[in-house]
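Dropping protein_17.txt in here (compact mmCIF, C-alpha atoms):
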# COMPACT_ATOMS: atom_id res chain seq x y z
CA MET A 1 0.00 0.00 0.00
CA SER A 2 1.43 3.37 -0.98
CA THR A 3 2.30 5.66 1.92
CA LYS A 4 0.95 8.50 -0.20
CA SER A 5 -2.59 7.22 -0.05
CA ALA A 6 -2.28 6.39 3.65
CA ALA A 7 -1.46 9.99 4.57
CA ARG A 8 -2.32 10.95 8.15
CA PRO A 9 -5.89 12.29 8.22
CA GLY A 10 -6.11 15.92 9.30
CA GLY A 11 -2.50 16.73 8.36
CA ARG A 12 -1.36 19.05 5.58
CA SER A 13 -1.15 16.12 3.22
CA ALA A 14 -4.76 15.13 3.88
CA ARG A 15 -5.92 18.72 3.36
CA VAL A 16 -4.16 18.89 -0.01
CA GLN A 17 -5.71 15.59 -1.00
CA GLN A 18 -9.17 16.74 -0.03
CA ALA A 19 -8.85 20.06 -1.88
CA VAL A 20 -7.57 18.37 -5.04
CA HIS A 21 -10.24 15.64 -4.95
CA GLU A 22 -12.95 18.28 -4.50
CA ALA A 23 -11.55 20.30 -7.40
CA VAL A 24 -11.62 17.19 -9.63
CA ARG A 25 -15.20 16.30 -8.64
CA GLY A 26 -16.30 19.90 -9.23
CA LEU A 27 -14.59 20.35 -12.59
CA ASP A 28 -15.59 16.87 -13.77
CA GLY A 29 -19.22 17.92 -13.53
CA GLU A 30 -18.64 21.22 -15.35
CA LEU A 31 -16.27 20.34 -18.18
CA ALA A 32 -16.05 17.63 -20.82
CA ARG A 33 -13.55 15.01 -19.68
CA GLU A 34 -11.21 15.91 -22.57
CA ARG A 35 -10.84 19.47 -21.27
CA LEU A 36 -9.71 18.55 -17.74
CA THR A 37 -6.06 19.48 -17.19
CA VAL A 38 -3.70 19.42 -14.24
CA PRO A 39 -3.18 23.24 -14.27
CA LEU A 40 -6.97 23.79 -14.19
CA ILE A 41 -7.38 21.41 -11.27
CA ALA A 42 -4.43 22.96 -9.44
CA GLU A 43 -5.91 26.44 -9.83
CA ARG A 44 -9.29 25.34 -8.48
CA ALA A 45 -7.67 23.51 -5.55
CA GLY A 46 -5.32 26.38 -4.71
CA VAL A 47 -2.15 24.31 -5.12
CA THR A 48 0.63 24.35 -7.71
CA PRO A 49 0.56 21.92 -10.64
CA SER A 50 3.86 20.48 -9.44
CA THR A 51 2.19 19.49 -6.15
CA ILE A 52 -0.20 17.36 -8.19
CA TYR A 53 2.49 15.88 -10.44
CA ARG A 54 4.65 15.05 -7.42
CA ARG A 55 1.86 13.29 -5.62
CA TRP A 56 -0.14 11.59 -8.40
CA GLY A 57 2.32 11.45 -11.32
CA CYS A 58 -0.19 12.35 -14.02
CA LEU A 59 -3.79 13.34 -14.64
CA ARG A 60 -4.91 9.78 -15.33
CA GLU A 61 -3.72 8.51 -11.96
CA LEU A 62 -5.29 11.46 -10.15
CA LEU A 63 -8.62 10.65 -11.82
CA ALA A 64 -8.24 7.00 -10.84
CA ASP A 65 -7.56 7.98 -7.23
CA VAL A 66 -10.71 10.10 -7.08
CA ALA A 67 -12.68 7.29 -8.76
CA ALA A 68 -11.40 4.68 -6.30
CA GLN A 69 -12.82 6.75 -3.44
CA ARG A 70 -16.17 7.08 -5.20
CA LEU A 71 -16.33 3.29 -5.56
CA GLN A 72 -16.42 2.93 -1.77
CA PRO A 73 -19.58 4.73 -0.69
CA GLU A 74 -20.39 4.87 3.01
CA ALA A 75 -24.04 3.86 2.64
CA PRO A 76 -25.16 1.28 5.21
CA LEU A 77 -25.90 -2.20 3.84
CA ALA A 78 -29.56 -3.12 3.47
CA GLN A 79 -30.93 -5.72 5.92
CA THR A 80 -33.53 -7.83 4.15
CA GLY A 81 -33.51 -10.84 6.47
CA SER A 82 -31.76 -13.32 4.14
CA LEU A 83 -28.33 -13.57 2.55
CA ALA A 84 -29.87 -13.88 -0.93
CA GLY A 85 -31.90 -10.72 -0.32
CA ASP A 86 -28.99 -8.75 1.14
CA LEU A 87 -26.73 -9.77 -1.75
CA PHE A 88 -29.33 -8.78 -4.30
CA ALA A 89 -29.98 -5.40 -2.64
CA TRP A 90 -26.28 -4.55 -2.52
CA THR A 91 -25.29 -5.76 -6.00
CA GLN A 92 -28.40 -4.33 -7.60
CA GLU A 93 -27.53 -0.88 -6.24
CA TYR A 94 -23.93 -1.30 -7.39
CA MET A 95 -25.11 -2.35 -10.86
CA GLU A 96 -27.46 0.59 -11.14
CA GLU A 97 -24.77 3.07 -10.10
CA MET A 98 -22.14 1.59 -12.38
CA THR A 99 -24.29 1.47 -15.51
CA SER A 100 -24.84 5.26 -15.30
CA THR A 101 -22.50 7.44 -17.37
CA PRO A 102 -20.51 8.77 -14.38
CA GLY A 103 -20.42 5.27 -12.90
CA ARG A 104 -18.93 3.81 -16.07
CA GLN A 105 -16.34 6.59 -16.09
CA VAL A 106 -15.43 5.78 -12.48
CA LEU A 107 -15.01 2.07 -13.26
CA ALA A 108 -12.90 2.84 -16.35
CA ASP A 109 -10.70 5.22 -14.33
CA VAL A 110 -9.99 2.59 -11.70
CA LEU A 111 -9.51 -0.35 -14.10
CA GLY A 112 -7.34 1.81 -16.38
CA SER A 113 -4.97 2.86 -13.62
CA THR A 114 -1.47 1.40 -13.64
CA HIS A 115 -1.36 1.53 -9.83
CA GLN A 116 -2.32 -1.89 -8.56
CA GLU A 117 -2.78 -0.68 -4.97
CA ARG A 118 -5.72 1.46 -6.02
CA ARG A 119 -7.55 -1.58 -7.36
CA THR A 120 -6.48 -3.63 -4.35
CA ARG A 121 -8.18 -1.04 -2.14
CA CYS A 122 -11.43 -1.43 -4.11
CA TRP A 123 -11.12 -5.21 -3.98
CA GLN A 124 -10.56 -5.15 -0.22
CA TRP A 125 -13.64 -3.00 0.12
CA GLN A 126 -15.73 -5.52 -1.88
CA ARG A 127 -14.41 -8.33 0.34
CA ASP A 128 -15.24 -6.37 3.50
CA GLN A 129 -18.81 -5.71 2.36
CA LEU A 130 -19.40 -9.34 1.44
CA SER A 131 -17.80 -10.54 4.70
CA LEU A 132 -20.18 -8.34 6.64
CA LEU A 133 -23.19 -9.81 4.81
CA LEU A 134 -21.88 -13.33 5.54
CA GLU A 135 -21.38 -12.55 9.24
CA ARG A 136 -24.95 -11.30 9.49
CA ALA A 137 -26.24 -14.45 7.79
CA ALA A 138 -24.20 -16.64 10.15
CA SER A 139 -25.55 -14.77 13.17
CA ARG A 140 -29.10 -15.42 11.88
CA GLY A 141 -28.24 -19.13 11.73
CA GLU A 142 -28.26 -19.48 7.93
CA ALA A 143 -26.23 -22.52 6.79
CA PRO A 144 -24.39 -23.74 4.83
CA LEU A 145 -22.93 -20.44 3.63
CA PRO A 146 -20.63 -19.82 0.68
CA GLY A 147 -17.20 -18.32 1.36
CA VAL A 148 -16.10 -14.81 0.45
CA GLU A 149 -14.04 -16.15 -2.47
CA GLN A 150 -17.06 -17.96 -3.88
CA LEU A 151 -19.15 -14.79 -3.70
CA LEU A 152 -16.38 -12.77 -5.39
CA ASP A 153 -16.00 -15.28 -8.24
CA GLY A 154 -19.65 -16.22 -8.57
CA VAL A 155 -21.35 -12.83 -8.23
CA MET A 156 -18.97 -9.83 -8.24
CA ALA A 157 -16.79 -11.18 -11.07
CA PRO A 158 -19.53 -11.65 -13.69
CA LEU A 159 -21.15 -8.38 -12.60
CA ILE A 160 -17.97 -6.33 -13.06
CA TYR A 161 -16.97 -8.30 -16.18
CA ARG A 162 -20.28 -7.48 -17.87
CA LEU A 163 -20.23 -3.88 -16.60
CA SER A 164 -16.91 -3.48 -18.43
CA TYR A 165 -17.46 -5.50 -21.57
CA ALA A 166 -21.19 -5.76 -22.18
CA PRO A 167 -23.31 -3.54 -19.90
CA HIS A 168 -26.32 -3.95 -22.23
CA THR A 169 -26.53 -7.65 -21.27
CA LEU A 170 -27.02 -6.91 -17.54
CA ASP A 171 -30.37 -7.17 -15.84
CA GLU A 172 -31.83 -8.16 -12.48
CA ALA A 173 -32.70 -11.69 -13.64
CA ARG A 174 -29.06 -12.35 -14.45
CA LEU A 175 -27.99 -10.99 -11.05
CA ARG A 176 -30.51 -13.21 -9.24
CA HIS A 177 -29.32 -16.18 -11.28
CA TRP A 178 -25.67 -15.67 -10.17
CA ILE A 179 -26.66 -15.26 -6.52
CA ARG A 180 -28.91 -18.33 -6.56
CA GLN A 181 -26.28 -20.43 -8.34
CA THR A 182 -23.53 -19.42 -5.90
CA LEU A 183 -25.70 -20.13 -2.85
CA ASP A 184 -26.77 -23.49 -4.36
CA GLU A 185 -23.14 -24.46 -4.87
CA ALA A 186 -22.49 -23.87 -1.18
CA VAL A 187 -25.33 -26.25 -0.37
CA ALA A 188 -24.18 -28.89 -2.89
CA ALA A 189 -20.49 -28.76 -2.00
CA PRO A 190 -19.78 -26.85 1.23
CA SER A 191 -16.22 -28.19 1.13
CA ALA A 192 -15.61 -26.34 -2.14
CA ALA A 193 -15.12 -23.08 -0.21
CA ARG A 194 -11.54 -22.12 -1.02
CA GLY A 195 -9.10 -19.69 0.57
CA GLU A 196 -11.56 -18.35 3.11
CA THR A 197 -10.67 -15.60 5.53
CA MET B 1 -19.11 -0.12 -34.16
CA SER B 2 -17.16 2.99 -35.13
CA THR B 3 -16.60 3.42 -38.84
CA LYS B 4 -13.13 4.70 -37.93
CA SER B 5 -11.99 1.32 -36.69
CA ALA B 6 -13.66 -0.47 -39.61
CA ALA B 7 -11.55 1.39 -42.19
CA ARG B 8 -11.19 -0.39 -45.53
CA PRO B 9 -8.09 -2.62 -45.38
CA GLY B 10 -5.41 -1.59 -47.84
CA GLY B 11 -6.70 1.96 -48.23
CA ARG B 12 -4.90 5.12 -47.08
CA SER B 13 -6.79 5.00 -43.83
CA ALA B 14 -5.59 1.45 -43.13
CA ARG B 15 -2.00 2.42 -43.94
CA VAL B 16 -2.15 5.36 -41.51
CA GLN B 17 -3.58 3.07 -38.84
CA GLN B 18 -0.86 0.50 -39.37
CA ALA B 19 1.94 3.09 -39.27
CA VAL B 20 0.59 4.69 -36.10
CA HIS B 21 0.02 1.34 -34.36
CA GLU B 22 3.56 0.26 -35.26
CA ALA B 23 4.95 3.54 -33.94
CA VAL B 24 3.11 3.05 -30.63
CA ARG B 25 4.30 -0.55 -30.26
CA GLY B 26 7.89 0.50 -31.03
CA LEU B 27 7.98 3.51 -28.72
CA ASP B 28 6.14 1.68 -25.95
CA GLY B 29 9.05 -0.74 -25.75
CA GLU B 30 11.67 2.02 -25.75
CA LEU B 31 10.24 4.69 -23.46
CA ALA B 32 8.62 4.77 -20.05
CA ARG B 33 4.85 5.00 -20.48
CA GLU B 34 4.84 8.48 -18.91
CA ARG B 35 7.07 9.82 -21.68
CA LEU B 36 4.89 8.72 -24.63
CA THR B 37 3.32 11.71 -26.38
CA VAL B 38 1.20 12.20 -29.49
CA PRO B 39 3.85 14.38 -31.24
CA LEU B 40 6.51 11.68 -30.64
CA ILE B 41 4.25 8.96 -32.05
CA ALA B 42 3.30 11.15 -35.02
CA GLU B 43 6.94 11.79 -35.83
CA ARG B 44 7.79 8.07 -35.72
CA ALA B 45 4.76 7.19 -37.88
CA GLY B 46 5.39 9.95 -40.41
CA VAL B 47 2.01 11.64 -39.90
CA THR B 48 0.99 14.93 -38.33
CA PRO B 49 -0.18 15.06 -34.70
CA SER B 50 -3.52 16.43 -35.92
CA THR B 51 -4.04 13.23 -37.95
CA ILE B 52 -3.82 11.31 -34.68
CA TYR B 53 -6.04 13.69 -32.72
CA ARG B 54 -8.66 13.67 -35.48
CA ARG B 55 -8.77 9.89 -35.61
CA TRP B 56 -8.28 8.80 -31.99
CA GLY B 57 -9.18 11.90 -29.97
CA CYS B 58 -6.40 11.58 -27.41
CA LEU B 59 -3.37 9.53 -26.44
CA ARG B 60 -5.29 7.34 -24.03
CA GLU B 61 -7.75 6.19 -26.69
CA LEU B 62 -4.96 5.53 -29.17
CA LEU B 63 -3.23 3.33 -26.58
CA ALA B 64 -6.51 1.52 -25.93
CA ASP B 65 -6.97 0.90 -29.66
CA VAL B 66 -3.51 -0.63 -29.96
CA ALA B 67 -4.12 -2.68 -26.81
CA ALA B 68 -7.47 -4.00 -28.11
CA GLN B 69 -5.69 -5.40 -31.15
CA ARG B 70 -3.04 -7.05 -28.98
CA LEU B 71 -5.79 -8.75 -26.95
CA GLN B 72 -6.87 -10.66 -30.06
CA PRO B 73 -3.86 -12.73 -31.04
CA GLU B 74 -4.08 -14.90 -34.15
CA ALA B 75 -2.60 -18.01 -32.55
CA PRO B 76 -4.54 -21.19 -33.36
CA LEU B 77 -6.47 -22.77 -30.49
CA ALA B 78 -4.91 -25.84 -28.89
CA GLN B 79 -6.68 -29.18 -29.55
CA THR B 80 -6.34 -31.39 -26.49
CA GLY B 81 -9.21 -33.79 -27.19
CA SER B 82 -11.61 -32.54 -24.48
CA LEU B 83 -13.48 -29.33 -23.79
CA ALA B 84 -11.99 -29.11 -20.29
CA GLY B 85 -8.50 -29.50 -21.73
CA ASP B 86 -9.05 -26.99 -24.55
CA LEU B 87 -10.50 -24.44 -22.11
CA PHE B 88 -7.61 -24.87 -19.74
CA ALA B 89 -5.01 -24.52 -22.51
CA TRP B 90 -6.58 -21.36 -23.85
CA THR B 91 -7.29 -19.60 -20.52
CA GLN B 92 -3.97 -20.64 -19.03
CA GLU B 93 -2.14 -18.97 -21.94
CA TYR B 94 -4.34 -15.88 -21.60
CA MET B 95 -3.64 -15.75 -17.85
CA GLU B 96 0.09 -16.06 -18.36
CA GLU B 97 0.16 -13.31 -20.97
CA MET B 98 -2.04 -10.97 -18.95
CA THR B 99 -0.12 -11.31 -15.68
CA SER B 100 3.07 -10.07 -17.41
CA THR B 101 3.87 -6.35 -17.10
CA PRO B 102 3.01 -5.53 -20.76
CA GLY B 103 -0.10 -7.74 -20.52
CA ARG B 104 -1.37 -5.87 -17.48
CA GLN B 105 -0.78 -2.58 -19.29
CA VAL B 106 -2.79 -3.84 -22.27
CA LEU B 107 -5.70 -4.89 -20.06
CA ALA B 108 -5.65 -1.54 -18.21
CA ASP B 109 -5.59 0.36 -21.52
CA VAL B 110 -8.66 -1.47 -22.80
CA LEU B 111 -10.64 -1.40 -19.54
CA GLY B 112 -9.73 2.27 -19.01
CA SER B 113 -10.95 3.36 -22.43
CA THR B 114 -14.14 5.40 -22.56
CA HIS B 115 -15.04 3.86 -25.94
CA GLN B 116 -17.39 0.98 -25.30
CA GLU B 117 -17.03 -0.39 -28.85
CA ARG B 118 -13.38 -1.21 -28.22
CA ARG B 119 -14.30 -3.44 -25.29
CA THR B 120 -17.22 -4.88 -27.24
CA ARG B 121 -14.73 -5.95 -29.92
CA CYS B 122 -12.63 -7.78 -27.27
CA TRP B 123 -15.76 -9.33 -25.81
CA GLN B 124 -16.92 -10.53 -29.22
CA TRP B 125 -13.51 -12.09 -29.74
CA GLN B 126 -13.76 -13.95 -26.42
CA ARG B 127 -17.22 -15.22 -27.40
CA ASP B 128 -15.94 -16.34 -30.82
CA GLN B 129 -13.05 -18.28 -29.30
CA LEU B 130 -15.28 -20.02 -26.76
CA SER B 131 -17.91 -20.78 -29.41
CA LEU B 132 -15.25 -22.45 -31.53
CA LEU B 133 -14.17 -24.64 -28.59
CA LEU B 134 -17.82 -25.57 -27.98
CA GLU B 135 -18.37 -26.46 -31.64
CA ARG B 136 -15.36 -28.73 -31.58
CA ALA B 137 -16.61 -30.42 -28.41
CA ALA B 138 -20.05 -30.92 -29.97
CA SER B 139 -18.51 -32.44 -33.10
CA ARG B 140 -16.61 -34.89 -30.87
CA GLY B 141 -19.93 -35.85 -29.30
CA GLU B 142 -19.29 -34.36 -25.86
CA ALA B 143 -22.59 -33.70 -24.01
CA PRO B 144 -24.18 -32.00 -22.18
CA LEU B 145 -22.23 -28.82 -22.95
CA PRO B 146 -22.43 -25.46 -21.20
CA GLY B 147 -23.48 -22.44 -23.24
CA VAL B 148 -21.23 -19.56 -24.26
CA GLU B 149 -22.80 -17.30 -21.62
CA GLN B 150 -22.07 -19.84 -18.89
CA LEU B 151 -18.42 -20.06 -19.96
CA LEU B 152 -18.13 -16.26 -20.03
CA ASP B 153 -19.62 -15.86 -16.54
CA GLY B 154 -18.10 -18.97 -15.00
CA VAL B 155 -14.56 -18.87 -16.39
CA MET B 156 -13.66 -15.65 -18.25
CA ALA B 157 -15.34 -13.33 -15.72
CA PRO B 158 -13.47 -14.51 -12.59
CA LEU B 159 -10.24 -14.72 -14.61
CA ILE B 160 -10.44 -11.13 -15.84
CA TYR B 161 -11.84 -9.90 -12.51
CA ARG B 162 -8.85 -11.31 -10.64
CA LEU B 163 -6.40 -10.16 -13.33
CA SER B 164 -7.64 -6.63 -12.69
CA TYR B 165 -8.15 -6.61 -8.95
CA ALA B 166 -5.99 -9.32 -7.44
CA PRO B 167 -3.55 -10.94 -9.90
CA HIS B 168 -1.53 -12.40 -7.00
CA THR B 169 -4.47 -14.71 -6.16
CA LEU B 170 -4.47 -16.38 -9.60
CA ASP B 171 -3.07 -19.83 -10.18
CA GLU B 172 -3.74 -22.89 -12.32
CA ALA B 173 -5.66 -24.67 -9.55
CA ARG B 174 -8.17 -21.82 -9.42
CA LEU B 175 -8.52 -21.87 -13.20
CA ARG B 176 -9.16 -25.64 -13.21
CA HIS B 177 -11.70 -25.20 -10.40
CA TRP B 178 -13.73 -22.64 -12.44
CA ILE B 179 -13.67 -24.83 -15.55
CA ARG B 180 -14.67 -27.96 -13.63
CA GLN B 181 -17.46 -26.13 -11.80
CA THR B 182 -18.88 -24.62 -15.00
CA LEU B 183 -18.85 -27.97 -16.81
CA ASP B 184 -20.44 -29.68 -13.78
CA GLU B 185 -23.23 -27.10 -13.76
CA ALA B 186 -24.01 -27.95 -17.37
CA VAL B 187 -24.35 -31.59 -16.35
CA ALA B 188 -26.46 -30.82 -13.27
CA ALA B 189 -28.76 -28.31 -14.96
CA PRO B 190 -28.47 -28.31 -18.76
CA SER B 191 -31.59 -26.14 -18.90
CA ALA B 192 -29.78 -23.38 -16.99
CA ALA B 193 -27.98 -22.35 -20.20
CA ARG B 194 -29.22 -18.82 -20.79
CA GLY B 195 -29.16 -16.53 -23.81
CA GLU B 196 -27.27 -18.91 -26.05
CA THR B 197 -26.22 -17.98 -29.55

Would you kindly transcribe this structure into structure tokens?
Amino acid sequence: MSTKSAARPGGRSARVQQAVHEAVRGLDGELARERLTVPLIAERAGVTPSTIYRRWGCLRELLADVAAQRLQPEAPLAQTGSLAGDLFAWTQEYMEEMTSTPGRQVLADVLGSTHQERRTRCWQWQRDQLSLLLERAASRGEAPLPGVEQLLDGVMAPLIYRLSYAPHTLDEARLRHWIRQTLDEAVAAPSAARGET
Amino acid sequence: MSTKSAARPGGRSARVQQAVHEAVRGLDGELARERLTVPLIAERAGVTPSTIYRRWGCLRELLADVAAQRLQPEAPLAQTGSLAGDLFAWTQEYMEEMTSTPGRQVLADVLGSTHQERRTRCWQWQRDQLSLLLERAASRGEAPLPGVEQLLDGVMAPLIYRLSYAPHTLDEARLRHWIRQTLDEAVAAPSAARGET
């Protein structure tokens, strides 16, 4: 994990990051993506362009950093009373957000970044959310449960794959099918859970 | 599909595309990615920068266009005598190529592009390859077979998802597990094949 992105909250570094992120979010809504430049962002944020280049390297990586933060919203997870329901509520919201024009831009920014740690952060966040849903299901006594890896491969992977390559093929029926299939596999072969945390 | 990328082969447009693609591939091997610029590429290709801007819009989209072509190699598909074997041979080679440093750059360029048609081209290519493997299996009398959509969601999706988010978690055992699971599903529920071509 880069020390740059783990800057102490509240320090000067965190304030610069916040100002620059806000400037990007503001300008991104006002200008066509092609017209965004580092000097423009620097001016809006009240920092020098070299501050941005030193910290993010280039415009593309700055955009990816802002996008990675947008991919981790703070919204509380829905509680529907069943793992299948909770999974559907969460992934359906994710799908809806990511098929919008700004959502697709966010996904492209993150997947197009050359910094692996930015994607690892998003991946960790997906794992954390799914782990939380699994813990809730376990505390309700649901069994057998799939593992986090099975949910990542069986539900998140086809969702993000189709968001990237073929968003027009996505719908709620497909999402329900992946969730049902992954939960059924856990019933059929509970020992197939691999690499669980 | 953009008419730009469907330029008549052999025409002036195709020659410009070839020269510019070759210039990108050459310079990409010589310079750090951060130092690649449109004027440099134009000079190497013997065209004006405005030719490149007019056709590709910006450097990022040009890189994505070159990357999309690299993602569709012409190598013949291995014939191992079984669908499971053919799938493993093909995806294992894809995994190996895409976990290399240039492979990861290619994947990031394509997934980071804002032009959906470029990713649709890559997706269509994946479908074509898998369809060919399925046709061969059918002609050998293998049955029941999964559908193309099941192979995309069950094997390609987790492969590309983990290539993007967590390449360190990929190995051949995981690949074999996805293939086995997807083929087993076709046996357990042949009617689950959805949206087949």

Kindly indicate which residue among A:Glu149, A:Glu97, A:Glu172, A:Glu22 lies nearest to chain B, using all atoms listed in the file for the distances.
-> A:Glu149

Arg60 (chain A) environment, 12 Å, all atoms listed in the file, sequence neighbours closer than 6 positions dropped, as a PyMOL selection string = (chain A and resi 24+33-34+36-38+52-53+66-67+105-106+108-115) or (chain B and resi 34+59-60+108-109+112-113)

Using 10 Å as the limit and counting only C-alpha atoms, can you tabulate each residue of chain A that touches chain B, with its shortest atom-to-atom distance in Å and the two atoms involved, as a tab-separated table?
residue	atom	partner	partner_atom	distance
A:Glu34	CA	B:Cys58	CA	8.1
A:Gly57	CA	B:Glu34	CA	8.5
A:Cys58	CA	B:Glu34	CA	8.0
A:Arg60	CA	B:Arg60	CA	9.0
A:Ala64	CA	B:Gly112	CA	9.6
A:Arg104	CA	B:Thr114	CA	8.2
A:Gln105	CA	B:Thr114	CA	6.9
A:Val106	CA	B:Gly112	CA	9.4
A:Leu107	CA	B:Gly112	CA	7.8
A:Ala108	CA	B:Gly112	CA	4.2
A:Asp109	CA	B:Gly112	CA	5.6
A:Val110	CA	B:Gly112	CA	7.3
A:Leu111	CA	B:Gly112	CA	5.6
A:Gly112	CA	B:Gly112	CA	3.6
A:Ser113	CA	B:Ala108	CA	6.4
A:Thr114	CA	B:Ala108	CA	6.9
A:His115	CA	B:Ala108	CA	9.9
A:Gln116	CA	B:Tyr165	CA	7.5
A:Glu117	CA	B:Tyr165	CA	8.9
A:Arg118	CA	B:Tyr165	CA	8.9
A:Arg119	CA	B:Tyr165	CA	5.3
A:Thr120	CA	B:Tyr165	CA	5.7
A:Arg121	CA	B:Tyr165	CA	8.8
A:Cys122	CA	B:Tyr165	CA	7.8
A:Trp123	CA	B:Tyr165	CA	6.0
A:Gln124	CA	B:Tyr165	CA	9.2
A:Leu152	CA	B:Pro158	CA	8.0
A:Asp153	CA	B:Pro158	CA	5.1
A:Gly154	CA	B:Gly154	CA	7.2
A:Val155	CA	B:Asp153	CA	9.0
A:Met156	CA	B:Tyr161	CA	8.3
A:Ala157	CA	B:Pro158	CA	4.9
A:Pro158	CA	B:Ala157	CA	4.9
A:Leu159	CA	B:Ala157	CA	8.2
A:Ile160	CA	B:Tyr161	CA	7.1
A:Tyr161	CA	B:Ala157	CA	5.3
A:Arg162	CA	B:Ala157	CA	8.0
A:Ser164	CA	B:Leu111	CA	6.7
A:Tyr165	CA	B:Arg119	CA	5.3
A:Ala166	CA	B:Thr120	CA	6.5
A:Pro167	CA	B:Gln116	CA	9.2
A:Thr169	CA	B:Gly195	CA	9.6
A:Arg174	CA	B:Arg194	CA	9.1
A:His177	CA	B:Ala192	CA	9.2
A:Trp178	CA	B:Asp153	CA	8.8
A:Gln181	CA	B:Glu185	CA	9.1
A:Glu185	CA	B:Gln181	CA	9.1
A:Ala192	CA	B:His177	CA	9.2
A:Arg194	CA	B:Arg174	CA	9.1
A:Gly195	CA	B:Thr169	CA	9.6

For the atom pair CA of Phe88 (chain A) and CA of Gln129 (chain A), what is the interatomic distance in Å to one decimal place?
-> 12.8 Å

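Note that the spacing between CA of Ala189 (chain A) and CA of Pro146 (chain B) amounts to 19.6 Å.
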
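The residue that comes closest to Leu40 (chain A), out of A:Ala23, A:Ala186, A:Ala84, A:Ala173 and on the basis of only C-alpha atoms, is A:Ala23.
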
Assuming 6 Å of padding per side, give the centre and edge lengths of the axis-aligned box around every listed atom of region 146-160 of chain B, in Å to one decimal and as AutoDock Vina command-line options.
--center_x -16.9 --center_y -18.3 --center_z -18.4 --size_x 25.2 --size_y 26.3 --size_z 23.7

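Considering the residues B:Ser13, B:Ser82, B:Thr99, B:Ser50 and counting only C-alpha atoms, Leu183 (chain B) has its shortest atom-to-atom contact with B:Ser82.
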
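As for CA of Trp90 (chain B) and CA of Gln150 (chain A), they are spaced 22.8 Å apart.
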
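Each of A:Thr101, A:Thr51, A:Gln69, A:Thr182 was checked against Gly29 (chain A) using only C-alpha atoms; the smallest atom-to-atom distance is that of A:Thr101.
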
For Leu133 (chain B), please output as a ChimeraX atom specification all residues within 12 Å (counting only C-alpha atoms; exclusion window: fewer than 2 positions along the same chain).
-> /B:76-91,126-131,135-140,142,145-148,151

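Checking B:Ala68, B:Gln17, B:Glu43, B:Ala32 one by one against Trp56 (chain B), counting all atoms listed in the file, you find the shortest gap at B:Gln17.
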
Would you mind writing region 21-32 of chain A with N, CA and C atoms, as a CSV table (one decimal), in the coordinates of the input?
chain,number,residue,atom,x,y,z
A,21,HIS,N,-9.1,16.5,-4.6
A,21,HIS,CA,-10.2,15.6,-5.0
A,21,HIS,C,-11.5,16.5,-5.2
A,22,GLU,N,-11.8,17.4,-4.3
A,22,GLU,CA,-13.0,18.3,-4.5
A,22,GLU,C,-12.9,19.0,-5.8
A,23,ALA,N,-11.7,19.6,-6.1
A,23,ALA,CA,-11.6,20.3,-7.4
A,23,ALA,C,-11.9,19.4,-8.6
A,24,VAL,N,-11.4,18.1,-8.5
A,24,VAL,CA,-11.6,17.2,-9.6
A,24,VAL,C,-13.1,16.9,-9.7
A,25,ARG,N,-13.8,16.6,-8.6
A,25,ARG,CA,-15.2,16.3,-8.6
A,25,ARG,C,-16.0,17.5,-9.2
A,26,GLY,N,-15.6,18.7,-8.8
A,26,GLY,CA,-16.3,19.9,-9.2
A,26,GLY,C,-16.1,20.1,-10.7
A,27,LEU,N,-14.9,20.1,-11.2
A,27,LEU,CA,-14.6,20.4,-12.6
A,27,LEU,C,-15.1,19.2,-13.5
A,28,ASP,N,-15.1,18.0,-13.0
A,28,ASP,CA,-15.6,16.9,-13.8
A,28,ASP,C,-17.1,17.0,-14.1
A,29,GLY,N,-17.8,17.7,-13.2
A,29,GLY,CA,-19.2,17.9,-13.5
A,29,GLY,C,-19.4,19.1,-14.5
A,30,GLU,N,-18.4,20.0,-14.6
A,30,GLU,CA,-18.6,21.2,-15.4
A,30,GLU,C,-18.1,21.1,-16.8
A,31,LEU,N,-17.0,20.4,-16.9
A,31,LEU,CA,-16.3,20.3,-18.2
A,31,LEU,C,-16.3,19.0,-18.8
A,32,ALA,N,-16.2,18.9,-20.1
A,32,ALA,CA,-16.0,17.6,-20.8
A,32,ALA,C,-14.7,17.0,-20.3
